[in-house]
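Trainee: File structure.cif follows (mmCIF, C-alpha atoms):
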```cif
data_start
#
loop_
_atom_site.group_PDB
_atom_site.id
_atom_site.type_symbol
_atom_site.label_atom_id
_atom_site.label_comp_id
_atom_site.auth_asym_id
_atom_site.auth_seq_id
_atom_site.Cartn_x
_atom_site.Cartn_y
_atom_site.Cartn_z
ATOM 1 C CA MET A 1 -33.898 0.976 -9.017
ATOM 2 C CA LEU A 2 -36.231 3.949 -8.516
ATOM 3 C CA ALA A 3 -39.305 1.799 -9.061
ATOM 4 C CA THR A 4 -38.290 -1.130 -6.852
ATOM 5 C CA GLN A 5 -35.962 0.583 -4.382
ATOM 6 C CA THR A 6 -33.626 -2.368 -4.798
ATOM 7 C CA LEU A 7 -30.297 -3.055 -6.441
ATOM 8 C CA LEU A 8 -29.374 -6.216 -8.309
ATOM 9 C CA ALA A 9 -26.395 -7.813 -6.613
ATOM 10 C CA LYS A 10 -24.757 -11.037 -7.678
ATOM 11 C CA LYS A 11 -22.939 -13.287 -5.257
ATOM 12 C CA ALA A 12 -19.219 -12.680 -5.445
ATOM 13 C CA LYS A 13 -16.910 -15.411 -6.667
ATOM 14 C CA ASN A 14 -14.055 -16.506 -4.435
ATOM 15 C CA MET A 15 -10.380 -15.975 -5.249
ATOM 16 C CA LEU A 16 -7.459 -17.156 -3.171
ATOM 17 C CA VAL A 17 -4.235 -15.218 -3.547
ATOM 18 C CA ARG A 18 -1.595 -17.395 -1.922
ATOM 19 C CA VAL A 19 1.796 -15.813 -1.247
ATOM 20 C CA ASP A 20 4.218 -18.361 0.174
ATOM 21 C CA GLY A 21 7.845 -18.058 1.175
ATOM 22 C CA GLN A 22 9.848 -15.423 2.999
ATOM 23 C CA THR A 23 10.166 -11.874 1.739
ATOM 24 C CA ALA A 24 13.558 -10.216 1.572
ATOM 25 C CA PRO A 25 14.348 -7.416 4.035
ATOM 26 C CA GLY A 26 12.900 -4.189 2.667
ATOM 27 C CA VAL A 27 9.996 -5.901 0.915
ATOM 28 C CA THR A 28 6.765 -4.789 2.565
ATOM 29 C CA ALA A 29 3.049 -5.467 2.428
ATOM 30 C CA LYS A 30 2.731 -2.674 -0.142
ATOM 31 C CA ASP A 31 5.228 -4.437 -2.389
ATOM 32 C CA ILE A 32 3.350 -7.719 -2.039
ATOM 33 C CA VAL A 33 -0.003 -6.269 -3.038
ATOM 34 C CA LEU A 34 1.473 -4.248 -5.907
ATOM 35 C CA ALA A 35 3.120 -7.425 -7.178
ATOM 36 C CA VAL A 36 -0.252 -9.194 -6.969
ATOM 37 C CA ILE A 37 -1.967 -6.417 -8.928
ATOM 38 C CA GLY A 38 0.876 -6.432 -11.434
ATOM 39 C CA LYS A 39 0.236 -10.132 -12.002
ATOM 40 C CA ILE A 40 -3.564 -10.234 -12.236
ATOM 41 C CA GLY A 41 -4.243 -6.670 -13.401
ATOM 42 C CA THR A 42 -6.706 -4.075 -12.143
ATOM 43 C CA ALA A 43 -9.585 -6.119 -13.563
ATOM 44 C CA GLY A 44 -8.250 -9.476 -12.364
ATOM 45 C CA GLY A 45 -10.406 -9.448 -9.256
ATOM 46 C CA THR A 46 -13.601 -8.128 -10.849
ATOM 47 C CA GLY A 47 -16.587 -9.982 -9.409
ATOM 48 C CA TYR A 48 -14.480 -11.658 -6.728
ATOM 49 C CA THR A 49 -13.843 -11.408 -3.032
ATOM 50 C CA ILE A 50 -10.138 -12.042 -2.527
ATOM 51 C CA GLU A 51 -8.812 -14.020 0.405
ATOM 52 C CA PHE A 52 -5.112 -13.422 0.903
ATOM 53 C CA GLY A 53 -3.296 -16.416 2.351
ATOM 54 C CA GLY A 54 -0.002 -18.229 2.446
ATOM 55 C CA SER A 55 2.961 -18.035 4.790
ATOM 56 C CA ALA A 56 4.046 -14.562 3.626
ATOM 57 C CA ILE A 57 0.622 -13.119 4.375
ATOM 58 C CA ARG A 58 0.438 -14.834 7.770
ATOM 59 C CA ALA A 59 3.846 -13.378 8.578
ATOM 60 C CA LEU A 60 2.554 -9.835 8.052
ATOM 61 C CA SER A 61 1.483 -7.746 11.001
ATOM 62 C CA MET A 62 -2.156 -6.728 11.259
ATOM 63 C CA GLU A 63 -1.281 -3.334 9.844
ATOM 64 C CA GLY A 64 0.487 -4.970 6.917
ATOM 65 C CA ARG A 65 -2.588 -7.087 6.284
ATOM 66 C CA MET A 66 -4.688 -3.932 6.316
ATOM 67 C CA THR A 67 -2.506 -2.466 3.587
ATOM 68 C CA VAL A 68 -2.946 -5.577 1.448
ATOM 69 C CA CYS A 69 -6.720 -5.699 1.909
ATOM 70 C CA ASN A 70 -7.004 -1.942 1.384
ATOM 71 C CA MET A 71 -5.728 -2.377 -2.172
ATOM 72 C CA ALA A 72 -7.903 -5.359 -3.092
ATOM 73 C CA ILE A 73 -10.271 -2.943 -4.790
ATOM 74 C CA GLU A 74 -7.382 -1.732 -6.965
ATOM 75 C CA ALA A 75 -7.377 -5.265 -8.386
ATOM 76 C CA GLY A 76 -11.083 -4.876 -9.125
ATOM 77 C CA ALA A 77 -12.259 -7.012 -6.204
ATOM 78 C CA ARG A 78 -15.357 -6.310 -4.138
ATOM 79 C CA ALA A 79 -13.514 -7.025 -0.903
ATOM 80 C CA GLY A 80 -10.260 -8.388 0.457
ATOM 81 C CA LEU A 81 -9.777 -10.407 3.624
ATOM 82 C CA VAL A 82 -7.287 -12.407 5.654
ATOM 83 C CA ALA A 83 -8.415 -15.280 7.864
ATOM 84 C CA VAL A 84 -8.515 -14.687 11.609
ATOM 85 C CA ASP A 85 -5.603 -16.114 13.584
ATOM 86 C CA GLU A 86 -3.996 -15.511 16.964
ATOM 87 C CA LYS A 87 -2.281 -12.415 15.601
ATOM 88 C CA THR A 88 -5.710 -10.971 14.817
ATOM 89 C CA ILE A 89 -7.071 -11.712 18.281
ATOM 90 C CA ASP A 90 -3.990 -10.291 20.003
ATOM 91 C CA TYR A 91 -4.388 -7.100 17.964
ATOM 92 C CA VAL A 92 -8.006 -6.607 19.053
ATOM 93 C CA LYS A 93 -7.446 -7.579 22.688
ATOM 94 C CA GLY A 94 -7.541 -4.598 25.025
ATOM 95 C CA ARG A 95 -8.610 -2.042 22.440
ATOM 96 C CA LEU A 96 -11.029 0.534 23.770
ATOM 97 C CA LEU A 97 -14.174 -0.637 21.976
ATOM 98 C CA ALA A 98 -13.336 -4.342 21.947
ATOM 99 C CA PRO A 99 -15.262 -6.869 24.038
ATOM 100 C CA GLY A 100 -13.609 -7.442 27.398
ATOM 101 C CA THR A 101 -12.222 -3.914 27.700
ATOM 102 C CA ASP A 102 -13.465 -1.806 30.598
ATOM 103 C CA ALA A 103 -14.867 1.396 29.118
ATOM 104 C CA ALA A 104 -14.110 3.411 32.260
ATOM 105 C CA THR A 105 -10.491 2.414 32.726
ATOM 106 C CA GLY A 106 -9.578 1.325 29.200
ATOM 107 C CA LYS A 107 -8.024 -1.824 30.655
ATOM 108 C CA PHE A 108 -8.615 -5.383 29.483
ATOM 109 C CA VAL A 109 -10.699 -7.351 31.972
ATOM 110 C CA GLY A 110 -11.840 -10.287 29.833
ATOM 111 C CA GLY A 111 -14.937 -12.171 30.885
ATOM 112 C CA PRO A 112 -17.697 -14.069 29.057
ATOM 113 C CA GLU A 113 -18.222 -11.384 26.416
ATOM 114 C CA TRP A 114 -14.579 -11.629 25.369
ATOM 115 C CA ASP A 115 -14.594 -15.430 25.456
ATOM 116 C CA HIS A 116 -17.702 -15.628 23.286
ATOM 117 C CA ALA A 117 -16.276 -13.120 20.820
ATOM 118 C CA VAL A 118 -13.005 -15.027 20.494
ATOM 119 C CA ALA A 119 -14.837 -18.313 20.005
ATOM 120 C CA TYR A 120 -16.815 -16.788 17.145
ATOM 121 C CA TRP A 121 -13.855 -15.002 15.575
ATOM 122 C CA LYS A 122 -11.955 -18.264 15.384
ATOM 123 C CA THR A 123 -14.620 -19.602 13.012
ATOM 124 C CA LEU A 124 -13.884 -16.848 10.464
ATOM 125 C CA HIS A 125 -11.643 -18.784 8.114
ATOM 126 C CA SER A 126 -12.085 -20.899 5.017
ATOM 127 C CA ASP A 127 -12.592 -24.599 5.599
ATOM 128 C CA ALA A 128 -9.706 -26.940 4.946
ATOM 129 C CA GLY A 129 -9.958 -28.056 1.347
ATOM 130 C CA ALA A 130 -12.374 -25.251 0.455
ATOM 131 C CA HIS A 131 -12.940 -24.716 -3.281
ATOM 132 C CA PHE A 132 -11.983 -21.360 -4.768
ATOM 133 C CA ASP A 133 -13.134 -20.243 -8.194
ATOM 134 C CA THR A 134 -9.631 -18.933 -8.897
ATOM 135 C CA VAL A 135 -6.278 -19.449 -7.190
ATOM 136 C CA VAL A 136 -3.321 -17.126 -7.787
ATOM 137 C CA GLU A 137 0.092 -18.035 -6.402
ATOM 138 C CA LEU A 138 3.184 -15.898 -5.863
ATOM 139 C CA ASP A 139 6.612 -16.726 -4.480
ATOM 140 C CA ALA A 140 7.407 -14.120 -1.845
ATOM 141 C CA ALA A 141 11.150 -14.618 -2.320
ATOM 142 C CA GLN A 142 10.827 -13.361 -5.902
ATOM 143 C CA ILE A 143 9.165 -10.069 -4.947
ATOM 144 C CA VAL A 144 11.392 -6.994 -4.907
ATOM 145 C CA PRO A 145 10.478 -3.418 -3.890
ATOM 146 C CA GLN A 146 7.877 -2.232 -6.380
ATOM 147 C CA VAL A 147 7.445 1.048 -8.293
ATOM 148 C CA THR A 148 4.576 1.905 -10.608
ATOM 149 C CA TRP A 149 5.671 3.480 -13.885
ATOM 150 C CA GLY A 150 2.314 4.206 -15.538
ATOM 151 C CA THR A 151 -1.183 5.469 -14.876
ATOM 152 C CA SER A 152 -2.690 2.354 -13.302
ATOM 153 C CA PRO A 153 -1.625 0.266 -10.296
ATOM 154 C CA GLU A 154 -1.144 -2.715 -12.635
ATOM 155 C CA MET A 155 1.614 -0.813 -14.441
ATOM 156 C CA VAL A 156 4.208 -1.816 -11.883
ATOM 157 C CA LEU A 157 7.653 -3.399 -11.866
ATOM 158 C CA GLY A 158 10.473 -4.129 -9.451
ATOM 159 C CA ILE A 159 12.933 -1.341 -8.701
ATOM 160 C CA ASP A 160 15.601 -3.296 -10.587
ATOM 161 C CA ALA A 161 13.586 -3.176 -13.837
ATOM 162 C CA ARG A 162 13.342 -0.696 -16.709
ATOM 163 C CA VAL A 163 10.431 1.237 -18.164
ATOM 164 C CA PRO A 164 8.766 -1.139 -20.645
ATOM 165 C CA ASP A 165 9.038 -0.703 -24.400
ATOM 166 C CA PRO A 166 5.607 -0.670 -26.090
ATOM 167 C CA ASP A 167 7.161 -1.964 -29.312
ATOM 168 C CA ARG A 168 7.776 -5.283 -27.563
ATOM 169 C CA GLU A 169 4.107 -5.708 -26.676
ATOM 170 C CA LYS A 170 2.270 -7.836 -29.233
ATOM 171 C CA ASP A 171 -1.244 -7.063 -28.015
ATOM 172 C CA PRO A 172 -2.308 -3.831 -29.779
ATOM 173 C CA ASN A 173 -4.597 -2.743 -26.929
ATOM 174 C CA LYS A 174 -1.881 -3.199 -24.315
ATOM 175 C CA ARG A 175 0.662 -1.548 -26.580
ATOM 176 C CA GLY A 176 -1.582 1.488 -26.960
ATOM 177 C CA ALA A 177 -2.125 1.674 -23.203
ATOM 178 C CA ILE A 178 1.629 1.593 -22.574
ATOM 179 C CA GLU A 179 2.233 4.315 -25.153
ATOM 180 C CA ARG A 180 -0.429 6.583 -23.644
ATOM 181 C CA ALA A 181 0.880 6.000 -20.124
ATOM 182 C CA LEU A 182 4.481 6.761 -21.066
ATOM 183 C CA THR A 183 3.415 9.939 -22.845
ATOM 184 C CA TYR A 184 1.500 11.137 -19.790
ATOM 185 C CA MET A 185 4.260 10.107 -17.379
ATOM 186 C CA GLY A 186 7.002 11.650 -19.495
ATOM 187 C CA LEU A 187 9.084 8.488 -19.503
ATOM 188 C CA ALA A 188 11.179 6.900 -22.217
ATOM 189 C CA PRO A 189 11.196 3.137 -22.834
ATOM 190 C CA GLY A 190 14.183 1.382 -21.302
ATOM 191 C CA LYS A 191 14.849 3.966 -18.600
ATOM 192 C CA PRO A 192 15.941 2.279 -15.339
ATOM 193 C CA LEU A 193 13.349 2.856 -12.644
ATOM 194 C CA ASN A 194 16.075 3.786 -10.183
ATOM 195 C CA ASP A 195 17.045 6.690 -12.460
ATOM 196 C CA ILE A 196 13.644 8.372 -12.228
ATOM 197 C CA THR A 197 13.882 11.597 -10.232
ATOM 198 C CA VAL A 198 11.017 12.937 -8.128
ATOM 199 C CA ASP A 199 9.787 16.441 -7.361
ATOM 200 C CA LYS A 200 7.618 15.646 -4.351
ATOM 201 C CA VAL A 201 7.165 12.832 -1.843
ATOM 202 C CA PHE A 202 3.949 11.937 -0.047
ATOM 203 C CA ILE A 203 3.934 9.473 2.844
ATOM 204 C CA GLY A 204 0.357 8.986 3.973
ATOM 205 C CA SER A 205 -3.132 7.872 2.830
ATOM 206 C CA CYS A 206 -5.401 5.123 4.157
ATOM 207 C CA THR A 207 -3.078 2.582 2.544
ATOM 208 C CA ASN A 208 0.139 3.505 4.326
ATOM 209 C CA SER A 209 -0.280 5.962 7.200
ATOM 210 C CA ARG A 210 -0.433 3.665 10.221
ATOM 211 C CA ILE A 211 2.161 3.705 12.978
ATOM 212 C CA GLU A 212 4.210 0.882 11.452
ATOM 213 C CA ASP A 213 4.389 2.828 8.188
ATOM 214 C CA MET A 214 5.662 5.866 10.074
ATOM 215 C CA ARG A 215 8.273 3.704 11.802
ATOM 216 C CA GLU A 216 9.472 2.109 8.557
ATOM 217 C CA ALA A 217 9.876 5.445 6.828
ATOM 218 C CA ALA A 218 11.580 7.049 9.834
ATOM 219 C CA ALA A 219 13.972 4.095 10.152
ATOM 220 C CA ILE A 220 15.133 4.573 6.560
ATOM 221 C CA VAL A 221 15.582 8.310 7.037
ATOM 222 C CA LYS A 222 17.578 7.731 10.216
ATOM 223 C CA LYS A 223 19.668 4.955 8.657
ATOM 224 C CA LEU A 224 20.575 7.062 5.632
ATOM 225 C CA GLY A 225 21.393 10.059 7.824
ATOM 226 C CA ARG A 226 20.749 12.550 5.055
ATOM 227 C CA LYS A 227 18.396 15.441 4.448
ATOM 228 C CA VAL A 228 15.764 15.685 1.743
ATOM 229 C CA ALA A 229 17.504 16.054 -1.624
ATOM 230 C CA ARG A 230 17.734 19.535 -3.128
ATOM 231 C CA ASN A 231 15.742 18.595 -6.204
ATOM 232 C CA VAL A 232 12.784 17.504 -4.046
ATOM 233 C CA LYS A 233 10.495 20.513 -3.638
ATOM 234 C CA LEU A 234 8.332 19.003 -0.919
ATOM 235 C CA ALA A 235 8.450 15.870 1.225
ATOM 236 C CA MET A 236 5.504 15.438 3.536
ATOM 237 C CA VAL A 237 4.420 12.888 6.124
ATOM 238 C CA VAL A 238 0.715 12.715 6.960
ATOM 239 C CA PRO A 239 -0.314 10.362 9.799
ATOM 240 C CA GLY A 240 -3.524 8.418 9.284
ATOM 241 C CA SER A 241 -5.268 9.587 12.450
ATOM 242 C CA GLY A 242 -4.863 11.690 15.540
ATOM 243 C CA LEU A 243 -3.960 8.579 17.527
ATOM 244 C CA VAL A 244 -1.244 7.632 15.047
ATOM 245 C CA LYS A 245 0.129 11.177 15.157
ATOM 246 C CA GLU A 246 0.214 11.176 18.962
ATOM 247 C CA GLN A 247 1.960 7.812 19.138
ATOM 248 C CA ALA A 248 4.498 8.786 16.471
ATOM 249 C CA GLU A 249 5.317 11.940 18.398
ATOM 250 C CA ARG A 250 5.688 9.993 21.647
ATOM 251 C CA GLU A 251 8.217 7.798 19.842
ATOM 252 C CA GLY A 252 10.044 10.833 18.443
ATOM 253 C CA LEU A 253 9.409 9.883 14.831
ATOM 254 C CA HIS A 254 8.330 13.403 13.921
ATOM 255 C CA ASP A 255 11.710 14.722 15.070
ATOM 256 C CA ILE A 256 13.502 12.326 12.707
ATOM 257 C CA PHE A 257 11.376 13.520 9.787
ATOM 258 C CA THR A 258 11.560 17.240 10.491
ATOM 259 C CA ALA A 259 15.317 17.135 11.137
ATOM 260 C CA ALA A 260 15.743 15.662 7.659
ATOM 261 C CA GLY A 261 13.582 18.332 6.036
ATOM 262 C CA PHE A 262 10.220 16.564 5.819
ATOM 263 C CA GLU A 263 7.015 18.387 6.700
ATOM 264 C CA TRP A 264 5.099 16.755 9.572
ATOM 265 C CA ARG A 265 1.414 17.323 8.909
ATOM 266 C CA GLU A 266 -1.945 16.947 10.613
ATOM 267 C CA PRO A 267 -3.927 13.771 9.801
ATOM 268 C CA GLY A 268 -6.008 13.794 6.635
ATOM 269 C CA CYS A 269 -6.304 12.667 3.022
ATOM 270 C CA SER A 270 -3.924 15.368 1.818
ATOM 271 C CA MET A 271 -2.054 14.701 -1.429
ATOM 272 C CA CYS A 272 -3.608 11.276 -1.968
ATOM 273 C CA LEU A 273 -6.342 13.020 -3.954
ATOM 274 C CA ALA A 274 -4.971 16.564 -4.295
ATOM 275 C CA MET A 275 -6.763 17.863 -1.204
ATOM 276 C CA ASN A 276 -6.699 21.661 -0.883
ATOM 277 C CA ALA A 277 -3.196 22.972 -1.631
ATOM 278 C CA ASP A 278 -1.555 19.550 -1.308
ATOM 279 C CA ARG A 279 -1.333 18.779 -4.994
ATOM 280 C CA LEU A 280 1.063 18.285 -7.850
ATOM 281 C CA GLU A 281 1.532 20.916 -10.514
ATOM 282 C CA PRO A 282 1.420 19.798 -14.168
ATOM 283 C CA GLY A 283 4.467 17.695 -14.969
ATOM 284 C CA GLU A 284 5.558 17.238 -11.369
ATOM 285 C CA ARG A 285 6.497 13.710 -10.333
ATOM 286 C CA CYS A 286 5.653 12.229 -6.925
ATOM 287 C CA ALA A 287 6.733 9.179 -4.962
ATOM 288 C CA SER A 288 3.491 8.374 -3.158
ATOM 289 C CA THR A 289 2.432 5.730 -0.649
ATOM 290 C CA SER A 290 -1.213 6.057 -1.688
ATOM 291 C CA ASN A 291 -3.237 3.496 -3.639
ATOM 292 C CA ARG A 292 -4.090 5.130 -6.964
ATOM 293 C CA ASN A 293 -1.929 6.634 -9.692
ATOM 294 C CA PHE A 294 -4.545 7.590 -12.270
ATOM 295 C CA GLU A 295 -4.066 10.625 -14.496
ATOM 296 C CA GLY A 296 -4.691 13.770 -12.449
ATOM 297 C CA ARG A 297 -5.216 11.883 -9.191
ATOM 298 C CA GLN A 298 -2.787 14.103 -7.281
ATOM 299 C CA GLY A 299 -3.359 17.184 -9.391
ATOM 300 C CA ALA A 300 -3.978 17.979 -13.056
ATOM 301 C CA GLY A 301 -1.005 16.774 -15.079
ATOM 302 C CA GLY A 302 0.674 15.303 -11.990
ATOM 303 C CA ARG A 303 2.654 12.081 -12.318
ATOM 304 C CA THR A 304 2.257 9.572 -9.490
ATOM 305 C CA HIS A 305 4.495 6.598 -8.686
ATOM 306 C CA LEU A 306 3.143 4.228 -6.037
ATOM 307 C CA VAL A 307 5.692 2.842 -3.575
ATOM 308 C CA SER A 308 6.019 1.687 0.036
ATOM 309 C CA PRO A 309 6.716 4.176 2.859
ATOM 310 C CA ALA A 310 10.338 3.045 3.088
ATOM 311 C CA MET A 311 10.810 3.448 -0.675
ATOM 312 C CA ALA A 312 9.228 6.898 -0.573
ATOM 313 C CA ALA A 313 11.478 7.986 2.295
ATOM 314 C CA ALA A 314 14.572 6.780 0.442
ATOM 315 C CA ALA A 315 13.471 8.569 -2.731
ATOM 316 C CA ALA A 316 13.078 11.792 -0.759
ATOM 317 C CA VAL A 317 16.660 11.827 0.498
ATOM 318 C CA HIS A 318 18.234 10.542 -2.718
ATOM 319 C CA GLY A 319 16.090 12.600 -5.068
ATOM 320 C CA HIS A 320 15.262 9.545 -7.146
ATOM 321 C CA PHE A 321 14.012 6.000 -6.668
ATOM 322 C CA VAL A 322 16.493 3.592 -5.108
ATOM 323 C CA ASP A 323 16.504 -0.030 -4.030
ATOM 324 C CA ILE A 324 16.172 0.062 -0.247
ATOM 325 C CA ARG A 325 17.207 -3.533 0.341
ATOM 326 C CA PRO A 326 20.876 -2.648 1.007
ATOM 327 C CA PHE A 327 19.765 -0.191 3.706
ATOM 328 C CA VAL A 328 17.612 -2.496 5.853
#
```
Just give me the structure as structure tokens.
Mentor:
Amino acid sequence: MLATQTLLAKKAKNMLVRVDGQTAPGVTAKDIVLAVIGKIGTAGGTGYTIEFGGSAIRALSMEGRMTVCNMAIEAGARAGLVAVDEKTIDYVKGRLLAPGTDAATGKFVGGPEWDHAVAYWKTLHSDAGAHFDTVVELDAAQIVPQVTWGTSPEMVLGIDARVPDPDREKDPNKRGAIERALTYMGLAPGKPLNDITVDKVFIGSCTNSRIEDMREAAAIVKKLGRKVARNVKLAMVVPGSGLVKEQAEREGLHDIFTAAGFEWREPGCSMCLAMNADRLEPGERCASTSNRNFEGRQGAGGRTHLVSPAMAAAAAVHGHFVDIRPFV
């Protein structure tokens, strides 16, 4: 590289992850992408660009699609994308830096620039009958709220499952990985996931800190009508940007969180990667809406469980993981 000032790059292969069917209430974009990673593994997308498609993906909002694509790299992929549709165009329309928006007034005025942009954007989809190197299919109706139990995003199961038993794994490499993960996480085989208590809760990160995430979490807190459980030392909500924070406050979401005992923070990375004082102490367990649960990610010796914002909010007020489907 130093001699040529170039990097060798190979063309990415194409993978289609098709998720068809209707998700149950309480099953979010985060649950979909965790289920995908649980199926193909964190190396399943290595060397690929993943296109997410199917009726369940098309039904997601733009922010939900962002969550899914954000975690494509956790499956090993180089990139993740969703084909442009009318939902995409409606999302961009009228945004401050979008074509057709008057910079002085911030209002949508349209015009040739917008028309040309839309015409081009509508070409950004795979051709009918396009060949993919790999196709992965999931039934959305079979996906339940997900919780990671180990030290990799692929170590994930539905909330109605139990911690896996390494003795039942025939592959010696996988068995060893499960054993190491359970030792680090301080979990016993067979323990129901909904019996796992948490010490801290983090709602934030680039994966799940958009306004819809704030709304989903606040809705659960309001529906349950309870305060943060006594065994939870800290429950924090960190908006993804200043604009998200302002909008959430206009909608009164911060009041719902603070009234229940959550801390309402300034935007930032925060506990996603143990930023400044926002970290786990050794042995502490966290329900986190971030994208990575590696050893020490949220603090040396900290134990991270990846979940959706709604699942994290419910865990905060119950003190342990719960199935949110009865509450939505």
Trainee: Once the PyMOL selection byres ((chain A and resi 24) around 10) has been applied to the shown file, what residues remain in the selection, as an NGL selection string?
Mentor: :A and (21-23 or 25-28 or 140-145 or 325 or 328)
Trainee: Tell me which of A:Leu60, A:Leu182, A:Val17, A:Leu7 sits closest to Glu212 (chain A), counting all atoms listed in the file.
Mentor: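 Using all atoms listed in the file, the shortest distance to Glu212 (chain A) belongs to A:Leu60.
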Trainee: Please enumerate the residues selected by the PyMOL selection byres ((chain A and resi 43-45) around 8) when evaluated against the supplied file, formatted as JSON, numbers by chain.
Mentor: {"A": [15, 37, 40, 41, 42, 46, 47, 48, 49, 50, 72, 73, 75, 76, 77, 78]}
Trainee: I'd like to see the residues matched by the PyMOL selection byres ((chain A and resi 29) around 8) on this file, and ideally I'd get them as a list in words.
Mentor: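 Evaluating the PyMOL selection byres ((chain A and resi 29) around 8) on this file yields Val27, Thr28, Lys30, Asp31, Ile32, Val33, Leu60, Gly64, Arg65, Thr67 and Val68 of chain A.
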Trainee: Residues near region 297-309 of chain A, anyone? I mean within 8 Å using all atoms listed in the file, not counting same-chain ones fewer than 2 positions away, as number ranges by chain.
Mentor: A: 28, 30-31, 145-151, 153, 184-185, 203, 208, 213-214, 216-217, 271-274, 279-295, 311-313
Trainee: For C-alpha atoms, I'd like the residues from the last selection saved as a compact mmCIF listing (two decimals), keeping the file's coordinate frame.
Mentor:
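Saved the output as selection.txt:
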```txt
# COMPACT_ATOMS: atom_id res chain seq x y z
CA THR A 28 6.76 -4.79 2.56
CA LYS A 30 2.73 -2.67 -0.14
CA ASP A 31 5.23 -4.44 -2.39
CA PRO A 145 10.48 -3.42 -3.89
CA GLN A 146 7.88 -2.23 -6.38
CA VAL A 147 7.44 1.05 -8.29
CA THR A 148 4.58 1.90 -10.61
CA TRP A 149 5.67 3.48 -13.88
CA GLY A 150 2.31 4.21 -15.54
CA THR A 151 -1.18 5.47 -14.88
CA PRO A 153 -1.62 0.27 -10.30
CA TYR A 184 1.50 11.14 -19.79
CA MET A 185 4.26 10.11 -17.38
CA ILE A 203 3.93 9.47 2.84
CA ASN A 208 0.14 3.50 4.33
CA ASP A 213 4.39 2.83 8.19
CA MET A 214 5.66 5.87 10.07
CA GLU A 216 9.47 2.11 8.56
CA ALA A 217 9.88 5.44 6.83
CA MET A 271 -2.05 14.70 -1.43
CA CYS A 272 -3.61 11.28 -1.97
CA LEU A 273 -6.34 13.02 -3.95
CA ALA A 274 -4.97 16.56 -4.30
CA ARG A 279 -1.33 18.78 -4.99
CA LEU A 280 1.06 18.28 -7.85
CA GLU A 281 1.53 20.92 -10.51
CA PRO A 282 1.42 19.80 -14.17
CA GLY A 283 4.47 17.70 -14.97
CA GLU A 284 5.56 17.24 -11.37
CA ARG A 285 6.50 13.71 -10.33
CA CYS A 286 5.65 12.23 -6.92
CA ALA A 287 6.73 9.18 -4.96
CA SER A 288 3.49 8.37 -3.16
CA THR A 289 2.43 5.73 -0.65
CA SER A 290 -1.21 6.06 -1.69
CA ASN A 291 -3.24 3.50 -3.64
CA ARG A 292 -4.09 5.13 -6.96
CA ASN A 293 -1.93 6.63 -9.69
CA PHE A 294 -4.54 7.59 -12.27
CA GLU A 295 -4.07 10.62 -14.50
CA MET A 311 10.81 3.45 -0.68
CA ALA A 312 9.23 6.90 -0.57
CA ALA A 313 11.48 7.99 2.30
```
Trainee: Which residues, protein or nucleic acid, reach to within 12 Å of (-7.7, -11.0, 11.4) in the file's coordinates when using only C-alpha atoms, and can you give that as a ChimeraX atom specification?
Mentor: /A:51-53,57-58,60-66,69,80-93,118,121-125
Trainee: What's the separation between CA of Leu234 (chain A) and CA of Gln247 (chain A), in Å to one decimal place?
Mentor: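 Between CA of Leu234 (chain A) and CA of Gln247 (chain A) the gap is 23.8 Å.
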Trainee: Could you tell me how far CA of Asp127 (chain A) lies from CA of Val36 (chain A), in Å and to one decimal?
Mentor: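 Taking CA of Asp127 (chain A) and CA of Val36 (chain A), their separation equals 23.4 Å.
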Trainee: Quick one: pull the distance between CA of Gly158 (chain A) and CA of Asp133 (chain A), Å, one decimal.
Mentor: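 Going from CA of Gly158 (chain A) over to CA of Asp133 (chain A) covers 28.6 Å.
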